[in-house]
Each structure stands twice: as structure tokens, then as C-alpha cells.
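Working notes, beginning with the structure itself.
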Protein chains: 2
Amino acid sequence: MADDRLTLATDVQAAIRSIPDFPKPGILFRDITTALMDGPLFARVCDHFSGLVREKGCNVVAGIESRGFIFGAPVAAALRLPLALIRKPGKLPWKTRSVSYDLEYGTDTIEMHEDAVKPGDRVALVDDLLATGGTAGAAVRLIHDLGGEVALVTFLIELEGLNGRAGLDDLHVDSLVVY
Amino acid sequence: MADDRLTLATDVQAAIRSIPDFPKPGILFRDITTALMDGPLFARVCDHFSGLVREKGCNVVAGIESRGFIFGAPVAAALRLPLALIRKPGKLPWKTRSVSYDLEYGTDTIEMHEDAVKPGDRVALVDDLLATGGTAGAAVRLIHDLGGEVALVTFLIELEGLNGRAGLDDLHVDSLVVY
């Protein structure tokens, strides 16, 4: 049952709850939990991502802790592909590779297990939100570090005004809902 | 394609990597990432959970941040059910209900949106690990607070020696792999 992309995007946008001044004054937060509470809609979103991952011939799905797991895991399970975890520091118990990136104030770090991606893997990075692109850019560097190719970077939501795509170079970036 | 429960448990146990002295000396950490890296195995685990959730007639799947999302989200998507997020404090942007619980030293808190579960909902709590049961017990209290019934609590792994079931009263608890 094919889902029209525009219909899906419209339905997702209608389901998202916008919350002013969270997490701090002046920020309009896009709350995806109301979209997750609509079971059939959530399933359609996962199907949409799965279609993109299949189209790009990816053999690994990577999800960024923790909201990235919400979309990455169903896609991996549906396509019977490995799920590679990208986590905050200190959470992964085995040998890790890490990358740090700049925030507005200070820096942040993400980690992957060294065996999560193998040289030659075609990796799909699936996440909920593209804002400034700091985390996604760091995730791409991590995957490259491990020898993987990032064949797809896909988001549920993109905040266009923050220009996050600029940090993702010439990768294939696909966002369903753009604000 | 039905999967034999014992075969699945054996395959998962073989795929899990055991890491001594993580996160601190004396603890043998069960690393599930090696099971997630086996795509077909991960899919079979999700199918197993989905079967249990369907059997219990649940209409909502709840996942605990962040590893619970890895199993809860695919189950919700596969069954086209709502996914209710249980998160660490300060992450959920709308009106929340929270529950605190004791740790070895200090306390921890988890939160849910007030509209994540409705009175009368039959909720399945899906998580990776039952250890002391502190987080799972707090999650059950949260769901009850919102008027939901916990019809199933299911884990990939149970560490039997820590007696986590004791805190889950007379709920239906199902663990695939028991150490």
C-alpha cells in the first residue's frame, strides 16, 4: 500500500505539537510524541523511511541516541538489516570510536562501537530532526572513520532556517517535513 | 514464519557479548549491540515481542529511554500501535507526570506526557533488560498513574539473581534470555 509522500508529510505536520519556549525562551519546539501516539501514522512514517533505505541499497541502519532509535530501529527490523547505535559517551561497553562537535556553548561527543560499521558498508542514518546539523555531521564523520559510506541521511523534520544541510556536504539528505 | 522460542533465545544468547567490569569492576555487562548487528536476528526478536503484545491484546506500546526504544518502536510500528515514550527528566516538552525511584546511591526519575496513556489503555512495556527492576517498577507506576493497565512487561534479558521480578508484583513478566 504505497503512501503518497505529500499526504504523509501533511498528516505528520498536522500531528506534530508545537510548544513555544521549550527548552528555552524563544524556541518553538516540534513535539513528535503526538505523531507517535497515532499508531498507523507512526507505521506509515517508518514505511516511508524503509522505502528510502531500500532505494539507496543500504545494508546498515544507524540511529542516534535517543530519538533516532525510534525511527532507526523499526526500519532496521522491517528490512532485516543491522542496527548500528550512535550513543552518548560512556554508554557503549566495548571498544569505541568517538567524535566531538561544537555546540552554541561548549562541545558534545558521540560514540560508536568499532565493529558497528565495517569498511564498504552502505549506511543509512535515520534521525528525527535536522537542526544545526552538528550531531548528524559528527555521526557522518564517525561512520566514515570506520570505513563506511553514508548513502542516505534522512530526517522526519528539518528546520530549514538553521541551515543544517550545509554541514552535510554533498550527501543525499532527505527530510519529510520542512519548517 | 513462526520462530521457536527456545531457538531464538539460544541464538540471542550466542550473539550477546559479555564484557567484564563494565560500567564498574565486578559487573559482567551483557552487550546487546552484537545482537543488533545481526539484522535477521534483530528482526526475529522484534517479531517475538510483537507476538506477545498481540497475544495480550495491548493497544499501546511503552518504551523506556533509550534502549527500550530499540525494541518498543519496532513493535509499535509493526502492529500499527501508538508508542508511548518514558524519558529522563526535562526531555518531554509538554505536561508531564513523573515518578522517582531509589538507586544504590541516590534516586532517579522518569517522566511521561500526561496524554501518552489514556484511562483503560492496555499497555505493553518493552525493554532490553530486567536487572533490579527499579526503572521498570517506576514505569509501571507512571502508567497506572495515568489510568492505564499494564498488560505485559517484557524484556530481552533478565538477570535473575537481582530479583527484579519482586518489584513487578503480579504483573505478566516475560523475559526471553535469563542469566
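Letters A, B, ... go to the chains of the C-alpha cells in the order shown; residues in each chain start at 1; ligands are counted from 1 in the same order.
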
Contact residues (chain A, partner chain B, 9 Å, only C-alpha atoms) as a VMD selection string = chain A and resid 17 19 22 to 23 29 to 31 33 to 47 60 65 to 67 69 to 85 90 to 94 113 115 to 117

Determine which residues of region 8-37 of chain B receive a DSSP assignment of strand (DSSP E or B), computed from the backbone, and state them as a count of residues only.
-> 8

Which neighbours of Pro119 (chain A) fall inside 9 Å, counting only C-alpha atoms, when residues of the same chain fewer than 2 positions from it are skipped, and could you give them as a PyMOL selection string?
-> chain A and resi 117+121-122+144+146-149

One-decimal distance in Å that lies between CA of Leu130 (chain B) and CA of Tyr101 (chain B) = 15.1 Å

Glu160 (chain A) environment, 9 Å, only C-alpha atoms, sequence neighbours closer than 6 positions dropped, as a ChimeraX atom specification | /A:130-131,178-179

Coordinates-based distance that separates CA of Cys58 (chain A) from CA of Gly167 (chain A) (Å, one decimal) | 21.6 Å

Every residue of region 39-178 of chain A that DSSP places in alpha helix (DSSP H), as an mmCIF file with all heavy atoms, in the first residue's frame:
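Result saved to result.cif:
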data_model
loop_
_atom_site.group_PDB
_atom_site.id
_atom_site.type_symbol
_atom_site.label_atom_id
_atom_site.label_comp_id
_atom_site.auth_asym_id
_atom_site.auth_seq_id
_atom_site.Cartn_x
_atom_site.Cartn_y
_atom_site.Cartn_z
ATOM 1 N N GLY A 39 -0.786 5.409 15.993
ATOM 2 C CA GLY A 39 -0.093 4.186 15.584
ATOM 3 C C GLY A 39 0.025 4.008 14.074
ATOM 4 O O GLY A 39 1.123 3.791 13.557
ATOM 5 N N PRO A 40 -1.087 4.089 13.362
ATOM 6 C CA PRO A 40 -0.984 3.915 11.904
ATOM 7 C C PRO A 40 -0.094 4.981 11.249
ATOM 8 O O PRO A 40 0.647 4.678 10.311
ATOM 9 C CB PRO A 40 -2.444 4.046 11.442
ATOM 10 C CG PRO A 40 -3.249 3.591 12.633
ATOM 11 C CD PRO A 40 -2.486 4.094 13.827
ATOM 12 N N LEU A 41 -0.138 6.195 11.760
ATOM 13 C CA LEU A 41 0.715 7.257 11.200
ATOM 14 C C LEU A 41 2.192 6.950 11.455
ATOM 15 O O LEU A 41 3.033 7.076 10.553
ATOM 16 C CB LEU A 41 0.340 8.612 11.806
ATOM 17 C CG LEU A 41 1.161 9.811 11.308
ATOM 18 C CD1 LEU A 41 0.965 10.028 9.810
ATOM 19 C CD2 LEU A 41 0.780 11.086 12.081
ATOM 20 N N PHE A 42 2.517 6.534 12.671
ATOM 21 C CA PHE A 42 3.897 6.165 13.001
ATOM 22 C C PHE A 42 4.376 5.037 12.077
ATOM 23 O O PHE A 42 5.497 5.066 11.546
ATOM 24 C CB PHE A 42 3.986 5.752 14.477
ATOM 25 C CG PHE A 42 5.326 5.240 14.898
ATOM 26 C CD1 PHE A 42 6.497 5.916 14.568
ATOM 27 C CD2 PHE A 42 5.442 4.071 15.652
ATOM 28 C CE1 PHE A 42 7.750 5.437 14.960
ATOM 29 C CE2 PHE A 42 6.674 3.591 16.051
ATOM 30 C CZ PHE A 42 7.827 4.270 15.702
ATOM 31 N N ALA A 43 3.518 4.061 11.836
ATOM 32 C CA ALA A 43 3.882 2.945 10.953
ATOM 33 C C ALA A 43 4.126 3.447 9.525
ATOM 34 O O ALA A 43 5.063 2.989 8.849
ATOM 35 C CB ALA A 43 2.785 1.882 10.972
ATOM 36 N N ARG A 44 3.295 4.397 9.074
ATOM 37 C CA ARG A 44 3.485 4.947 7.721
ATOM 38 C C ARG A 44 4.818 5.696 7.625
ATOM 39 O O ARG A 44 5.496 5.632 6.595
ATOM 40 C CB ARG A 44 2.327 5.886 7.370
ATOM 41 C CG ARG A 44 1.015 5.159 7.064
ATOM 42 C CD ARG A 44 -0.160 6.142 7.068
ATOM 43 N NE ARG A 44 0.004 7.205 6.092
ATOM 44 C CZ ARG A 44 -0.652 8.380 6.155
ATOM 45 N NH1 ARG A 44 -1.492 8.640 7.140
ATOM 46 N NH2 ARG A 44 -0.443 9.298 5.232
ATOM 47 N N VAL A 45 5.181 6.421 8.679
ATOM 48 C CA VAL A 45 6.465 7.130 8.689
ATOM 49 C C VAL A 45 7.619 6.121 8.579
ATOM 50 O O VAL A 45 8.559 6.313 7.795
ATOM 51 C CB VAL A 45 6.610 7.989 9.964
ATOM 52 C CG1 VAL A 45 8.049 8.463 10.140
ATOM 53 C CG2 VAL A 45 5.652 9.178 9.915
ATOM 54 N N CYS A 46 7.533 5.051 9.350
ATOM 55 C CA CYS A 46 8.597 4.041 9.306
ATOM 56 C C CYS A 46 8.660 3.392 7.916
ATOM 57 O O CYS A 46 9.753 3.136 7.400
ATOM 58 C CB CYS A 46 8.392 2.995 10.405
ATOM 59 S SG CYS A 46 8.568 3.692 12.065
ATOM 60 N N ASP A 47 7.503 3.134 7.326
ATOM 61 C CA ASP A 47 7.467 2.572 5.966
ATOM 62 C C ASP A 47 8.127 3.527 4.963
ATOM 63 O O ASP A 47 8.833 3.095 4.053
ATOM 64 C CB ASP A 47 6.014 2.332 5.518
ATOM 65 C CG ASP A 47 5.379 1.152 6.241
ATOM 66 O OD1 ASP A 47 6.112 0.383 6.894
ATOM 67 O OD2 ASP A 47 4.143 1.017 6.169
ATOM 68 N N HIS A 48 7.863 4.806 5.142
ATOM 69 C CA HIS A 48 8.466 5.823 4.272
ATOM 70 C C HIS A 48 9.997 5.771 4.366
ATOM 71 O O HIS A 48 10.704 5.709 3.346
ATOM 72 C CB HIS A 48 7.937 7.200 4.670
ATOM 73 C CG HIS A 48 8.812 8.346 4.281
ATOM 74 N ND1 HIS A 48 8.901 8.814 2.986
ATOM 75 C CD2 HIS A 48 9.670 9.105 5.017
ATOM 76 C CE1 HIS A 48 9.760 9.814 2.947
ATOM 77 N NE2 HIS A 48 10.239 10.016 4.153
ATOM 78 N N PHE A 49 10.509 5.749 5.587
ATOM 79 C CA PHE A 49 11.967 5.658 5.776
ATOM 80 C C PHE A 49 12.509 4.358 5.180
ATOM 81 O O PHE A 49 13.559 4.342 4.537
ATOM 82 C CB PHE A 49 12.327 5.725 7.262
ATOM 83 C CG PHE A 49 12.242 7.092 7.885
ATOM 84 C CD1 PHE A 49 11.627 7.281 9.124
ATOM 85 C CD2 PHE A 49 12.794 8.204 7.266
ATOM 86 C CE1 PHE A 49 11.560 8.539 9.722
ATOM 87 C CE2 PHE A 49 12.734 9.468 7.847
ATOM 88 C CZ PHE A 49 12.122 9.630 9.082
ATOM 89 N N SER A 50 11.797 3.264 5.416
ATOM 90 C CA SER A 50 12.252 1.967 4.898
ATOM 91 C C SER A 50 12.359 1.996 3.386
ATOM 92 O O SER A 50 13.303 1.440 2.805
ATOM 93 C CB SER A 50 11.290 0.848 5.326
ATOM 94 O OG SER A 50 11.319 0.677 6.723
ATOM 95 N N GLY A 51 11.396 2.640 2.747
ATOM 96 C CA GLY A 51 11.426 2.752 1.285
ATOM 97 C C GLY A 51 12.675 3.482 0.809
ATOM 98 O O GLY A 51 13.331 3.046 -0.150
ATOM 99 N N LEU A 52 13.027 4.564 1.491
ATOM 100 C CA LEU A 52 14.228 5.327 1.108
ATOM 101 C C LEU A 52 15.491 4.484 1.296
ATOM 102 O O LEU A 52 16.398 4.505 0.459
ATOM 103 C CB LEU A 52 14.348 6.596 1.966
ATOM 104 C CG LEU A 52 13.255 7.656 1.810
ATOM 105 C CD1 LEU A 52 13.468 8.786 2.824
ATOM 106 C CD2 LEU A 52 13.246 8.220 0.397
ATOM 107 N N VAL A 53 15.550 3.765 2.410
ATOM 108 C CA VAL A 53 16.740 2.956 2.726
ATOM 109 C C VAL A 53 16.903 1.844 1.694
ATOM 110 O O VAL A 53 18.017 1.559 1.240
ATOM 111 C CB VAL A 53 16.631 2.385 4.163
ATOM 112 C CG1 VAL A 53 17.741 1.388 4.444
ATOM 113 C CG2 VAL A 53 16.636 3.516 5.191
ATOM 114 N N ARG A 54 15.782 1.244 1.309
ATOM 115 C CA ARG A 54 15.808 0.174 0.299
ATOM 116 C C ARG A 54 16.261 0.745 -1.050
ATOM 117 O O ARG A 54 17.115 0.170 -1.735
ATOM 118 C CB ARG A 54 14.419 -0.462 0.199
ATOM 119 C CG ARG A 54 14.440 -1.838 -0.458
ATOM 120 C CD ARG A 54 13.051 -2.374 -0.733
ATOM 121 N NE ARG A 54 12.308 -2.732 0.470
ATOM 122 C CZ ARG A 54 11.204 -2.109 0.891
ATOM 123 N NH1 ARG A 54 10.715 -1.080 0.223
ATOM 124 N NH2 ARG A 54 10.587 -2.505 1.984
ATOM 125 N N GLU A 55 15.691 1.893 -1.393
ATOM 126 C CA GLU A 55 16.006 2.573 -2.661
ATOM 127 C C GLU A 55 17.499 2.850 -2.803
ATOM 128 O O GLU A 55 18.058 2.766 -3.897
ATOM 129 C CB GLU A 55 15.274 3.907 -2.633
ATOM 130 C CG GLU A 55 14.636 4.383 -3.906
ATOM 131 C CD GLU A 55 13.810 5.642 -3.599
ATOM 132 O OE1 GLU A 55 12.630 5.476 -3.267
ATOM 133 O OE2 GLU A 55 14.366 6.763 -3.631
ATOM 134 N N ARG A 67 16.276 9.737 20.281
ATOM 135 C CA ARG A 67 15.090 9.763 19.417
ATOM 136 C C ARG A 67 15.346 9.138 18.059
ATOM 137 O O ARG A 67 14.406 8.694 17.392
ATOM 138 C CB ARG A 67 14.550 11.188 19.289
ATOM 139 C CG ARG A 67 13.738 11.595 20.519
ATOM 140 C CD ARG A 67 13.093 12.941 20.303
ATOM 141 N NE ARG A 67 14.083 13.913 19.853
ATOM 142 C CZ ARG A 67 14.111 15.192 20.205
ATOM 143 N NH1 ARG A 67 13.203 15.664 21.016
ATOM 144 N NH2 ARG A 67 15.049 15.986 19.749
ATOM 145 N N GLY A 68 16.632 9.072 17.663
ATOM 146 C CA GLY A 68 16.948 8.399 16.406
ATOM 147 C C GLY A 68 16.637 6.917 16.458
ATOM 148 O O GLY A 68 16.333 6.301 15.430
ATOM 149 N N PHE A 69 16.694 6.330 17.668
ATOM 150 C CA PHE A 69 16.366 4.903 17.813
ATOM 151 C C PHE A 69 14.903 4.649 17.462
ATOM 152 O O PHE A 69 14.535 3.567 17.005
ATOM 153 C CB PHE A 69 16.605 4.424 19.247
ATOM 154 C CG PHE A 69 18.047 4.451 19.698
ATOM 155 C CD1 PHE A 69 18.372 4.191 21.032
ATOM 156 C CD2 PHE A 69 19.084 4.727 18.823
ATOM 157 C CE1 PHE A 69 19.688 4.209 21.472
ATOM 158 C CE2 PHE A 69 20.421 4.741 19.255
ATOM 159 C CZ PHE A 69 20.716 4.482 20.586
ATOM 160 N N ILE A 70 14.050 5.653 17.703
ATOM 161 C CA ILE A 70 12.605 5.495 17.495
ATOM 162 C C ILE A 70 12.282 5.244 16.029
ATOM 163 O O ILE A 70 11.318 4.567 15.708
ATOM 164 C CB ILE A 70 11.864 6.758 18.007
ATOM 165 C CG1 ILE A 70 12.017 6.861 19.526
ATOM 166 C CG2 ILE A 70 10.399 6.757 17.585
ATOM 167 C CD1 ILE A 70 11.513 8.183 20.098
ATOM 168 N N PHE A 71 13.087 5.787 15.133
ATOM 169 C CA PHE A 71 12.849 5.577 13.705
ATOM 170 C C PHE A 71 13.840 4.588 13.094
ATOM 171 O O PHE A 71 13.490 3.803 12.227
ATOM 172 C CB PHE A 71 12.876 6.923 12.968
ATOM 173 C CG PHE A 71 11.853 7.884 13.507
ATOM 174 C CD1 PHE A 71 12.211 8.893 14.389
ATOM 175 C CD2 PHE A 71 10.523 7.734 13.176
ATOM 176 C CE1 PHE A 71 11.265 9.752 14.918
ATOM 177 C CE2 PHE A 71 9.561 8.583 13.704
ATOM 178 C CZ PHE A 71 9.929 9.603 14.579
ATOM 179 N N GLY A 72 15.083 4.622 13.559
ATOM 180 C CA GLY A 72 16.091 3.716 13.018
ATOM 181 C C GLY A 72 15.776 2.259 13.301
ATOM 182 O O GLY A 72 15.924 1.398 12.416
ATOM 183 N N ALA A 73 15.337 1.960 14.517
ATOM 184 C CA ALA A 73 15.109 0.561 14.900
ATOM 185 C C ALA A 73 13.984 -0.088 14.082
ATOM 186 O O ALA A 73 14.160 -1.206 13.589
ATOM 187 C CB ALA A 73 14.836 0.463 16.406
ATOM 188 N N PRO A 74 12.835 0.568 13.908
ATOM 189 C CA PRO A 74 11.781 -0.067 13.096
ATOM 190 C C PRO A 74 12.199 -0.289 11.648
ATOM 191 O O PRO A 74 11.813 -1.290 11.037
ATOM 192 C CB PRO A 74 10.621 0.933 13.165
ATOM 193 C CG PRO A 74 10.848 1.714 14.408
ATOM 194 C CD PRO A 74 12.338 1.799 14.557
ATOM 195 N N VAL A 75 12.995 0.630 11.115
ATOM 196 C CA VAL A 75 13.452 0.478 9.728
ATOM 197 C C VAL A 75 14.384 -0.723 9.624
ATOM 198 O O VAL A 75 14.242 -1.570 8.730
ATOM 199 C CB VAL A 75 14.152 1.772 9.245
ATOM 200 C CG1 VAL A 75 14.819 1.559 7.900
ATOM 201 C CG2 VAL A 75 13.146 2.916 9.190
ATOM 202 N N ALA A 76 15.353 -0.818 10.548
ATOM 203 C CA ALA A 76 16.276 -1.959 10.551
ATOM 204 C C ALA A 76 15.501 -3.270 10.675
ATOM 205 O O ALA A 76 15.737 -4.217 9.925
ATOM 206 C CB ALA A 76 17.295 -1.810 11.684
ATOM 207 N N ALA A 77 14.551 -3.305 11.625
ATOM 208 C CA ALA A 77 13.790 -4.544 11.848
ATOM 209 C C ALA A 77 12.962 -4.904 10.615
ATOM 210 O O ALA A 77 12.925 -6.069 10.211
ATOM 211 C CB ALA A 77 12.895 -4.400 13.080
ATOM 212 N N ALA A 78 12.310 -3.920 10.014
ATOM 213 C CA ALA A 78 11.445 -4.205 8.867
ATOM 214 C C ALA A 78 12.253 -4.720 7.677
ATOM 215 O O ALA A 78 11.791 -5.599 6.950
ATOM 216 C CB ALA A 78 10.660 -2.954 8.468
ATOM 217 N N LEU A 79 13.453 -4.191 7.494
ATOM 218 C CA LEU A 79 14.284 -4.595 6.350
ATOM 219 C C LEU A 79 15.265 -5.707 6.720
ATOM 220 O O LEU A 79 16.064 -6.121 5.885
ATOM 221 C CB LEU A 79 15.049 -3.370 5.809
ATOM 222 C CG LEU A 79 14.192 -2.198 5.318
ATOM 223 C CD1 LEU A 79 15.082 -1.047 4.858
ATOM 224 C CD2 LEU A 79 13.274 -2.640 4.178
ATOM 225 N N GLY A 134 24.818 19.661 13.709
ATOM 226 C CA GLY A 134 26.037 19.314 14.439
ATOM 227 C C GLY A 134 26.135 17.823 14.738
ATOM 228 O O GLY A 134 27.160 17.190 14.460
ATOM 229 N N THR A 135 25.077 17.259 15.287
ATOM 230 C CA THR A 135 25.096 15.838 15.636
ATOM 231 C C THR A 135 25.169 14.971 14.389
ATOM 232 O O THR A 135 25.947 14.008 14.339
ATOM 233 C CB THR A 135 23.831 15.467 16.437
ATOM 234 O OG1 THR A 135 23.611 16.449 17.450
ATOM 235 C CG2 THR A 135 23.991 14.114 17.093
ATOM 236 N N ALA A 136 24.358 15.292 13.384
ATOM 237 C CA ALA A 136 24.352 14.479 12.165
ATOM 238 C C ALA A 136 25.718 14.525 11.483
ATOM 239 O O ALA A 136 26.230 13.492 11.028
ATOM 240 C CB ALA A 136 23.262 14.972 11.212
ATOM 241 N N GLY A 137 26.329 15.715 11.441
ATOM 242 C CA GLY A 137 27.649 15.835 10.834
ATOM 243 C C GLY A 137 28.679 14.997 11.566
ATOM 244 O O GLY A 137 29.521 14.331 10.949
ATOM 245 N N ALA A 138 28.607 14.999 12.888
ATOM 246 C CA ALA A 138 29.535 14.196 13.686
ATOM 247 C C ALA A 138 29.296 12.703 13.448
ATOM 248 O O ALA A 138 30.243 11.910 13.363
ATOM 249 C CB ALA A 138 29.371 14.538 15.168
ATOM 250 N N ALA A 139 28.032 12.324 13.316
ATOM 251 C CA ALA A 139 27.700 10.917 13.052
ATOM 252 C C ALA A 139 28.270 10.483 11.699
ATOM 253 O O ALA A 139 28.809 9.379 11.569
ATOM 254 C CB ALA A 139 26.183 10.725 13.083
ATOM 255 N N VAL A 140 28.168 11.344 10.720
ATOM 256 C CA VAL A 140 28.719 11.031 9.398
ATOM 257 C C VAL A 140 30.235 10.845 9.491
ATOM 258 O O VAL A 140 30.798 9.893 8.931
ATOM 259 C CB VAL A 140 28.369 12.154 8.387
ATOM 260 C CG1 VAL A 140 29.177 12.014 7.107
ATOM 261 C CG2 VAL A 140 26.870 12.161 8.100
ATOM 262 N N ARG A 141 30.903 11.716 10.248
ATOM 263 C CA ARG A 141 32.366 11.580 10.410
ATOM 264 C C ARG A 141 32.716 10.253 11.082
ATOM 265 O O ARG A 141 33.692 9.584 10.693
ATOM 266 C CB ARG A 141 32.924 12.750 11.230
ATOM 267 C CG ARG A 141 33.105 14.025 10.400
ATOM 268 C CD ARG A 141 33.297 15.257 11.275
ATOM 269 N NE ARG A 141 34.393 15.151 12.210
ATOM 270 C CZ ARG A 141 34.508 15.884 13.323
ATOM 271 N NH1 ARG A 141 33.577 16.783 13.627
ATOM 272 N NH2 ARG A 141 35.541 15.724 14.124
ATOM 273 N N LEU A 142 31.931 9.870 12.093
ATOM 274 C CA LEU A 142 32.167 8.600 12.785
ATOM 275 C C LEU A 142 32.054 7.421 11.820
ATOM 276 O O LEU A 142 32.894 6.513 11.819
ATOM 277 C CB LEU A 142 31.120 8.409 13.885
ATOM 278 C CG LEU A 142 31.490 8.703 15.323
ATOM 279 C CD1 LEU A 142 30.312 8.358 16.225
ATOM 280 C CD2 LEU A 142 32.719 7.910 15.756
ATOM 281 N N ILE A 143 30.984 7.419 11.028
ATOM 282 C CA ILE A 143 30.753 6.317 10.080
ATOM 283 C C ILE A 143 31.882 6.267 9.047
ATOM 284 O O ILE A 143 32.398 5.191 8.730
ATOM 285 C CB ILE A 143 29.376 6.484 9.403
ATOM 286 C CG1 ILE A 143 28.254 6.304 10.439
ATOM 287 C CG2 ILE A 143 29.191 5.498 8.249
ATOM 288 C CD1 ILE A 143 26.889 6.819 10.003
ATOM 289 N N HIS A 144 32.292 7.429 8.563
ATOM 290 C CA HIS A 144 33.430 7.490 7.629
ATOM 291 C C HIS A 144 34.707 6.972 8.288
ATOM 292 O O HIS A 144 35.478 6.235 7.680
ATOM 293 C CB HIS A 144 33.642 8.930 7.130
ATOM 294 C CG HIS A 144 32.621 9.371 6.133
ATOM 295 N ND1 HIS A 144 32.460 10.686 5.741
ATOM 296 C CD2 HIS A 144 31.688 8.661 5.438
ATOM 297 C CE1 HIS A 144 31.487 10.767 4.840
ATOM 298 N NE2 HIS A 144 31.003 9.564 4.643
ATOM 299 N N ASP A 145 34.933 7.366 9.531
ATOM 300 C CA ASP A 145 36.103 6.902 10.295
ATOM 301 C C ASP A 145 36.196 5.382 10.311
ATOM 302 O O ASP A 145 37.288 4.815 10.323
ATOM 303 C CB ASP A 145 35.999 7.355 11.764
ATOM 304 C CG ASP A 145 36.670 8.690 12.003
ATOM 305 O OD1 ASP A 145 37.060 9.345 11.011
ATOM 306 O OD2 ASP A 145 36.801 9.080 13.180
#

Distance criterion (only C-alpha atoms): nearest to Asp174 (chain A) out of A:Gln13, A:Arg5, A:Ala62, A:Thr107 =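 Ranked by minimum distance to Asp174 (chain A), first place goes to A:Arg5.
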
Just give me the gap between CA of Gly26 (chain B) and CA of Leu103 (chain B) in Å, one decimal is fine.
->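 Atom-to-atom, CA of Gly26 (chain B) and CA of Leu103 (chain B) are spaced 17.5 Å apart.
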
Tell me, as an NGL selection string, which residues lie within 7 Å of Thr132 (chain B), counting only C-alpha atoms; anything in the same chain fewer than 4 positions away does not count.
-> :B and (162-164)
